[in-house]
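Structure data (compact mmCIF, C-alpha atoms) from target27.txt:
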# COMPACT_ATOMS: atom_id res chain seq x y z
CA MET X 1 67.56 -144.17 -73.25
CA THR X 2 64.90 -143.94 -70.60
CA GLU X 3 62.81 -140.78 -70.32
CA TYR X 4 61.27 -139.68 -67.10
CA ILE X 5 58.48 -137.26 -66.31
CA ASP X 6 57.76 -136.57 -62.63
CA ASN X 7 60.11 -139.41 -61.79
CA LYS X 8 57.96 -141.91 -63.59
CA LYS X 9 59.44 -143.97 -66.39
CA ILE X 10 57.73 -142.94 -69.56
CA LYS X 11 59.64 -144.59 -72.32
CA SER X 12 62.62 -146.82 -72.75
CA LYS X 13 64.40 -148.21 -75.76
CA GLU X 14 63.76 -151.73 -74.51
CA ASN X 15 60.02 -151.20 -74.51
CA ASP X 16 58.25 -148.93 -76.95
CA ASN X 17 55.11 -148.99 -74.85
CA PHE X 18 54.89 -145.98 -72.57
CA TYR X 19 53.04 -148.06 -70.07
CA ASN X 20 52.60 -151.77 -69.92
CA ASP X 21 49.12 -153.19 -69.73
CA THR X 22 48.98 -153.36 -65.95
CA ASP X 23 50.57 -150.18 -64.65
CA TYR X 24 48.85 -147.52 -66.70
CA PRO X 25 46.91 -144.86 -64.81
CA HIS X 26 43.31 -145.88 -64.29
CA PRO X 27 40.47 -143.36 -64.63
CA ASP X 28 39.59 -141.48 -61.48
CA LEU X 29 35.85 -140.86 -61.31
CA THR X 30 35.93 -138.65 -58.20
CA TYR X 31 34.94 -135.55 -60.16
CA LEU X 32 32.22 -137.28 -62.14
CA ASN X 33 30.78 -138.83 -59.00
CA ALA X 34 30.67 -135.38 -57.39
CA LEU X 35 28.82 -134.02 -60.40
CA ALA X 36 26.43 -136.95 -60.48
CA GLU X 37 25.38 -136.69 -56.83
CA GLY X 38 24.38 -140.32 -56.84
CA ASP X 39 22.72 -140.36 -60.25
CA GLU X 40 24.10 -143.55 -61.79
CA ALA X 41 22.23 -143.01 -65.05
CA PHE X 42 23.95 -139.66 -65.45
CA ILE X 43 27.35 -141.28 -64.90
CA LYS X 44 26.65 -143.89 -67.55
CA GLU X 45 25.39 -141.23 -69.93
CA MET X 46 28.58 -139.22 -69.52
CA LEU X 47 30.81 -142.26 -69.94
CA THR X 48 28.90 -143.24 -73.06
CA LEU X 49 29.21 -139.73 -74.46
CA PHE X 50 32.94 -139.85 -73.94
CA LEU X 51 33.39 -143.31 -75.41
CA ASP X 52 31.37 -142.24 -78.45
CA SER X 53 33.25 -139.01 -79.07
CA ALA X 54 36.82 -139.62 -77.93
CA PRO X 55 37.94 -141.87 -80.82
CA ALA X 56 36.90 -139.25 -83.38
CA LEU X 57 38.65 -136.51 -81.44
CA THR X 58 41.91 -138.42 -81.11
CA ASP X 59 41.74 -139.35 -84.79
CA SER X 60 41.14 -135.69 -85.59
CA MET X 61 44.15 -134.66 -83.55
CA ARG X 62 46.38 -137.18 -85.29
CA GLU X 63 45.12 -136.30 -88.75
CA SER X 64 45.26 -132.54 -88.27
CA ALA X 65 48.80 -132.82 -86.89
CA ARG X 66 49.77 -134.91 -89.89
CA GLN X 67 48.24 -132.35 -92.26
CA GLY X 68 49.70 -129.38 -90.39
CA ASP X 69 46.21 -128.02 -89.68
CA PHE X 70 47.06 -126.56 -86.30
CA GLU X 71 43.81 -124.66 -85.93
CA LYS X 72 41.91 -127.90 -86.16
CA LEU X 73 44.42 -129.56 -83.87
CA HIS X 74 43.88 -126.83 -81.29
CA PHE X 75 40.11 -127.15 -81.56
CA SER X 76 40.12 -130.94 -81.25
CA ALA X 77 42.43 -130.83 -78.22
CA HIS X 78 40.28 -128.07 -76.72
CA GLN X 79 37.19 -130.25 -77.06
CA LEU X 80 38.91 -133.31 -75.65
CA LEU X 81 40.46 -131.69 -72.58
CA PRO X 82 37.35 -131.13 -70.45
CA GLN X 83 36.11 -134.58 -71.35
CA LEU X 84 39.28 -136.12 -69.95
CA THR X 85 38.61 -134.29 -66.70
CA PHE X 86 35.05 -135.55 -66.56
CA VAL X 87 36.00 -139.19 -67.01
CA GLY X 88 39.14 -138.95 -64.92
CA ILE X 89 41.78 -139.83 -67.51
CA LEU X 90 43.95 -137.28 -65.78
CA ALA X 91 47.33 -138.59 -66.90
CA ALA X 92 46.61 -137.54 -70.48
CA ILE X 93 45.70 -133.97 -69.58
CA PRO X 94 49.21 -132.43 -69.47
CA ASP X 95 50.05 -133.75 -72.92
CA VAL X 96 46.72 -132.78 -74.50
CA SER X 97 46.95 -129.36 -72.87
CA LYS X 98 50.44 -128.89 -74.26
CA ILE X 99 49.22 -129.95 -77.69
CA GLU X 100 46.29 -127.52 -77.47
CA ASN X 101 48.48 -124.56 -76.54
CA GLU X 102 51.78 -125.31 -78.26
CA GLY X 103 50.98 -127.85 -80.97
CA LYS X 104 51.99 -125.55 -83.80
CA HIS X 105 55.47 -125.04 -82.37
CA MET X 106 56.23 -128.48 -81.03
CA THR X 107 59.02 -130.38 -82.75
CA ASP X 108 58.17 -133.51 -80.76
CA LEU X 109 54.42 -133.29 -81.25
CA SER X 110 54.08 -136.92 -82.28
CA VAL X 111 55.71 -138.12 -79.05
CA TYR X 112 53.20 -136.28 -76.91
CA MET X 113 50.35 -137.19 -79.23
CA GLU X 114 51.01 -140.91 -79.18
CA ARG X 115 51.57 -140.98 -75.45
CA ALA X 116 48.33 -139.12 -74.79
CA ILE X 117 46.35 -141.33 -77.14
CA LYS X 118 47.79 -144.47 -75.59
CA ILE X 119 46.76 -143.33 -72.12
CA ILE X 120 43.32 -142.37 -73.39
CA ASN X 121 42.87 -145.75 -75.09
CA TYR X 122 43.84 -147.59 -71.92
CA GLY X 123 41.41 -145.41 -69.99
CA MET X 124 38.63 -146.12 -72.43
CA GLU X 125 39.07 -149.85 -71.95
CA ASP X 126 38.59 -149.35 -68.23
CA LEU X 127 35.55 -147.15 -68.71
CA LYS X 128 33.88 -149.65 -71.03
CA LYS X 129 33.94 -152.17 -68.21
CA MET X 130 31.99 -149.76 -66.04
CA LEU X 131 29.00 -149.63 -68.36
CA MET W 1 29.76 -133.39 -72.07
CA ILE W 2 30.13 -129.95 -70.53
CA ILE W 3 26.61 -129.12 -71.62
CA LYS W 4 25.28 -132.34 -70.09
CA ALA W 5 27.11 -131.73 -66.83
CA ILE W 6 25.80 -128.18 -66.49
CA GLU W 7 22.33 -129.23 -67.55
CA HIS W 8 22.33 -132.00 -64.95
CA LYS W 9 23.42 -129.67 -62.17
CA LEU W 10 21.03 -126.85 -62.99
CA LYS W 11 18.05 -129.11 -63.63
CA SER W 12 18.64 -130.76 -60.26
CA GLU W 13 18.12 -127.32 -58.74
CA GLY W 14 14.87 -126.71 -60.54
CA HIS W 15 16.06 -124.59 -63.43
CA VAL W 16 14.68 -125.05 -66.92
CA VAL W 17 17.63 -125.56 -69.23
CA GLU W 18 17.91 -125.33 -72.99
CA TYR W 19 21.10 -125.61 -74.93
CA ALA W 20 22.51 -124.95 -78.37
CA LEU W 21 25.28 -126.93 -80.01
CA ASP W 22 26.87 -123.98 -81.77
CA GLY W 23 26.77 -120.21 -81.99
CA ASN W 24 24.29 -120.13 -84.85
CA GLN W 25 21.81 -122.27 -82.95
CA ALA W 26 22.32 -120.10 -79.89
CA ILE W 27 21.44 -116.91 -81.74
CA GLN W 28 18.39 -118.53 -83.27
CA LYS W 29 17.18 -119.64 -79.87
CA ILE W 30 17.79 -116.22 -78.36
CA HIS W 31 15.62 -114.69 -81.07
CA GLU W 32 12.82 -117.12 -80.22
CA THR W 33 12.90 -117.25 -76.43
CA ASP W 34 13.26 -114.82 -73.57
CA TYR W 35 15.95 -116.42 -71.41
CA ASP W 36 16.83 -115.46 -67.85
CA LEU W 37 20.54 -116.25 -68.26
CA ILE W 38 22.98 -117.37 -70.93
CA MET W 39 26.08 -119.46 -70.42
CA THR W 40 28.50 -119.73 -73.33
CA ASP W 41 31.84 -121.28 -74.14
CA LEU W 42 34.30 -119.10 -76.01
CA LEU W 43 35.30 -121.65 -78.60
CA MET W 44 32.30 -122.91 -80.58
CA PRO W 45 31.59 -123.93 -84.15
CA PHE W 46 30.49 -121.22 -86.60
CA ILE W 47 30.06 -118.33 -84.17
CA GLY W 48 32.31 -118.13 -81.13
CA GLY W 49 31.44 -116.90 -77.69
CA ILE W 50 32.93 -113.43 -78.20
CA GLU W 51 30.86 -112.88 -81.32
CA LEU W 52 27.80 -114.26 -79.56
CA ILE W 53 28.19 -111.84 -76.67
CA ASN W 54 28.70 -108.97 -79.11
CA THR W 55 25.51 -109.95 -80.94
CA ILE W 56 23.50 -110.16 -77.73
CA ARG W 57 24.71 -106.84 -76.34
CA ASN W 58 25.33 -104.65 -79.38
CA GLU W 59 22.95 -105.94 -82.03
CA LEU W 60 20.04 -107.33 -80.07
CA HIS W 61 20.58 -104.92 -77.16
CA LEU W 62 19.60 -107.53 -74.62
CA GLU W 63 20.58 -107.26 -70.97
CA ILE W 64 20.38 -110.96 -70.20
CA PRO W 65 23.07 -111.99 -67.71
CA ILE W 66 25.88 -113.83 -69.50
CA ILE W 67 28.36 -116.27 -67.97
CA VAL W 68 31.39 -117.29 -70.00
CA LEU W 69 32.91 -120.72 -69.72
CA SER W 70 36.59 -120.81 -70.47
CA THR W 71 40.00 -122.06 -69.55
CA LEU W 72 42.50 -119.82 -67.80
CA SER W 73 44.79 -119.99 -70.82
CA HIS W 74 42.26 -117.83 -72.68
CA GLU W 75 42.70 -114.88 -70.33
CA ASP W 76 42.70 -112.29 -73.13
CA SER W 77 39.43 -113.66 -74.48
CA ILE W 78 37.86 -113.55 -71.05
CA ILE W 79 38.83 -109.87 -70.72
CA GLU W 80 37.40 -109.15 -74.15
CA ALA W 81 34.18 -110.92 -73.16
CA PHE W 82 33.87 -108.68 -70.13
CA LYS W 83 34.49 -105.59 -72.26
CA LEU W 84 31.65 -106.66 -74.53
CA GLY W 85 29.31 -107.14 -71.61
CA ALA W 86 29.70 -110.59 -70.09
CA ASP W 87 28.81 -110.64 -66.41
CA ASP W 88 30.88 -113.48 -65.04
CA TYR W 89 33.05 -116.38 -66.04
CA ILE W 90 33.67 -119.90 -64.87
CA THR W 91 36.89 -121.73 -65.57
CA LYS W 92 36.93 -125.28 -66.82
CA PRO W 93 37.01 -127.75 -65.19
CA PHE W 94 34.36 -126.22 -63.00
CA SER W 95 33.10 -127.08 -59.60
CA PRO W 96 29.39 -127.98 -59.76
CA ASN W 97 28.74 -125.81 -56.73
CA GLU W 98 30.50 -122.90 -58.40
CA VAL W 99 28.16 -123.15 -61.38
CA SER W 100 25.20 -123.20 -59.04
CA ILE W 101 26.32 -120.21 -56.99
CA ARG W 102 27.23 -118.03 -59.96
CA VAL W 103 23.96 -118.74 -61.72
CA ARG W 104 21.94 -118.00 -58.62
CA ARG W 105 23.88 -114.81 -57.95
CA LEU W 106 23.04 -113.39 -61.36
CA LEU W 107 19.42 -114.49 -61.24
CA ILE W 108 18.95 -112.81 -57.85
CA LYS W 109 20.25 -109.54 -59.25
CA ARG W 110 17.86 -109.68 -62.19
Entire entry expressed as structure tokens:
Amino acid sequence: MTEYIDNKKIKSKENDNFYNDTDYPHPDLTYLNALAEGDEAFIKEMLTLFLDSAPALTDSMRESARQGDFEKLHFSAHQLLPQLTFVGILAAIPDVSKIENEGKHMTDLSVYMERAIKIINYGMEDLKKML
Amino acid sequence: MIIKAIEHKLKSEGHVVEYALDGNQAIQKIHETDYDLIMTDLLMPFIGGIELINTIRNELHLEIPIIVLSTLSHEDSIIEAFKLGADDYITKPFSPNEVSIRVRRLLIKR
């Protein structure tokens, strides 16, 4: 069965990857560039901050979901959300926002979690190339 | 990252910026330094923004302008912050110009 969100194919039985390696959403640095006002060092500092902190936050989300620690899940998602905006990994925001606000009550939490983390990981690979 | 972004914006406009990584650090700094304005998130380690505002207004009796950073989903918390004495709030993600204007507005009134 193929699932769609906003008319975009998200998952199919034939392919467990939500996106293939070439059509995933790339980071949009419009917002960060506006903040930076031409300061390239600031941009690199922000990207480095994100790349340093995001893996721990996604790990924390996974682990706290697994342990049923929804307070920690909420806090980790809350910390991650603004960072995603800064570095332009916008496609992960709806899922992380849903996890932040509804994580405790979601029966399909792992679906949203894994999709968000996959998008974030793809985004991180792009961002690493910018440093 | 939010701290860095705000720091970058405000420093570029000539403000002197200090920051704390959690509510405990914030209170310690407030005890030590006479700040012109405080900006706080609501969700922080150890002591949250609501408790911080309560401490500033009702224990330390300081009238420093306070801006709250929050998301719109925390509407109830924003209202509570205002009841405790916060002066303004900025929603995340914020526009850099919005941060600038709101800070300047409160500093002018001071």
Original post:
Got a sec: who's within 8 Å of segment 93-98 of chain W, counting only C-alpha atoms, leaving out chain neighbours fewer than 6 positions off, as a ChimeraX atom specification?
Top reply: /X:34-35,82,85 /W:6,9,71
**OP:** Pull out every residue of chain X that has at least one atom within 10 Å of chain W, counting only C-alpha atoms, and report them as a PyMOL selection string.
**Re:** chain X and resi 31-32+34-37+39+42-43+45-50+53+75+78-87+97+101
Write a file of the just-selected residues containing C-alpha atoms, as a compact mmCIF listing (two decimals), in the frame of the given file.
# COMPACT_ATOMS: atom_id res chain seq x y z
CA TYR X 31 34.94 -135.55 -60.16
CA LEU X 32 32.22 -137.28 -62.14
CA ALA X 34 30.67 -135.38 -57.39
CA LEU X 35 28.82 -134.02 -60.40
CA ALA X 36 26.43 -136.95 -60.48
CA GLU X 37 25.38 -136.69 -56.83
CA ASP X 39 22.72 -140.36 -60.25
CA PHE X 42 23.95 -139.66 -65.45
CA ILE X 43 27.35 -141.28 -64.90
CA GLU X 45 25.39 -141.23 -69.93
CA MET X 46 28.58 -139.22 -69.52
CA LEU X 47 30.81 -142.26 -69.94
CA THR X 48 28.90 -143.24 -73.06
CA LEU X 49 29.21 -139.73 -74.46
CA PHE X 50 32.94 -139.85 -73.94
CA SER X 53 33.25 -139.01 -79.07
CA PHE X 75 40.11 -127.15 -81.56
CA HIS X 78 40.28 -128.07 -76.72
CA GLN X 79 37.19 -130.25 -77.06
CA LEU X 80 38.91 -133.31 -75.65
CA LEU X 81 40.46 -131.69 -72.58
CA PRO X 82 37.35 -131.13 -70.45
CA GLN X 83 36.11 -134.58 -71.35
CA LEU X 84 39.28 -136.12 -69.95
CA THR X 85 38.61 -134.29 -66.70
CA PHE X 86 35.05 -135.55 -66.56
CA VAL X 87 36.00 -139.19 -67.01
CA SER X 97 46.95 -129.36 -72.87
CA ASN X 101 48.48 -124.56 -76.54
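One finds atom CA of Ala92 of chain X at 9.3 Å from atom CA of Tyr112 of chain X.
Taking atom CA of Leu107 of chain W and atom CA of Glu75 of chain W as endpoints, the distance between them is 25.0 Å.
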Subject >> Sphere at (46.1, -125.7, -86.0), radius 12 Å, counting only C-alpha atoms: residues as a PyMOL selection string >> reply: chain X and resi 60-78+99-106
Output C-alpha atoms for every residue in that selection, as a short mmCIF file (atom, residue, chain, number, x, y, z; two decimals), in the coordinates of the input.
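Ended up saving to out_12.cif:
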data_model
loop_
_atom_site.label_atom_id
_atom_site.label_comp_id
_atom_site.auth_asym_id
_atom_site.auth_seq_id
_atom_site.Cartn_x
_atom_site.Cartn_y
_atom_site.Cartn_z
CA SER X 60 41.14 -135.69 -85.59
CA MET X 61 44.15 -134.66 -83.55
CA ARG X 62 46.38 -137.18 -85.29
CA GLU X 63 45.12 -136.30 -88.75
CA SER X 64 45.26 -132.54 -88.27
CA ALA X 65 48.80 -132.82 -86.89
CA ARG X 66 49.77 -134.91 -89.89
CA GLN X 67 48.24 -132.35 -92.26
CA GLY X 68 49.70 -129.38 -90.39
CA ASP X 69 46.21 -128.02 -89.68
CA PHE X 70 47.06 -126.56 -86.30
CA GLU X 71 43.81 -124.66 -85.93
CA LYS X 72 41.91 -127.90 -86.16
CA LEU X 73 44.42 -129.56 -83.87
CA HIS X 74 43.88 -126.83 -81.29
CA PHE X 75 40.11 -127.15 -81.56
CA SER X 76 40.12 -130.94 -81.25
CA ALA X 77 42.43 -130.83 -78.22
CA HIS X 78 40.28 -128.07 -76.72
CA ILE X 99 49.22 -129.95 -77.69
CA GLU X 100 46.29 -127.52 -77.47
CA ASN X 101 48.48 -124.56 -76.54
CA GLU X 102 51.78 -125.31 -78.26
CA GLY X 103 50.98 -127.85 -80.97
CA LYS X 104 51.99 -125.55 -83.80
CA HIS X 105 55.47 -125.04 -82.37
CA MET X 106 56.23 -128.48 -81.03
#
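Distance annotation: of W:Leu37, W:Ile56, W:Ile47, W:Val16, the residue with the minimal separation from Arg105 of chain W is W:Leu37; atom set is all atoms listed in the file.
The coordinates place atom CA of Ala26 of chain W at 27.1 Å from atom CA of Lys44 of chain X.
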Original post:
Taking (22.2, -107.7, -77.0) in the file's coordinates, which residues come within 12 Å, counting all atoms listed in the file, written as number ranges by chain?
Top reply: W: 27, 30-31, 34, 38, 51-66, 84-86
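Closest approach to Ile101 of chain W from the set W:Glu13, W:Asp76, W:Asp36, W:Asp41 is made by W:Glu13, with distances taken over only C-alpha atoms.
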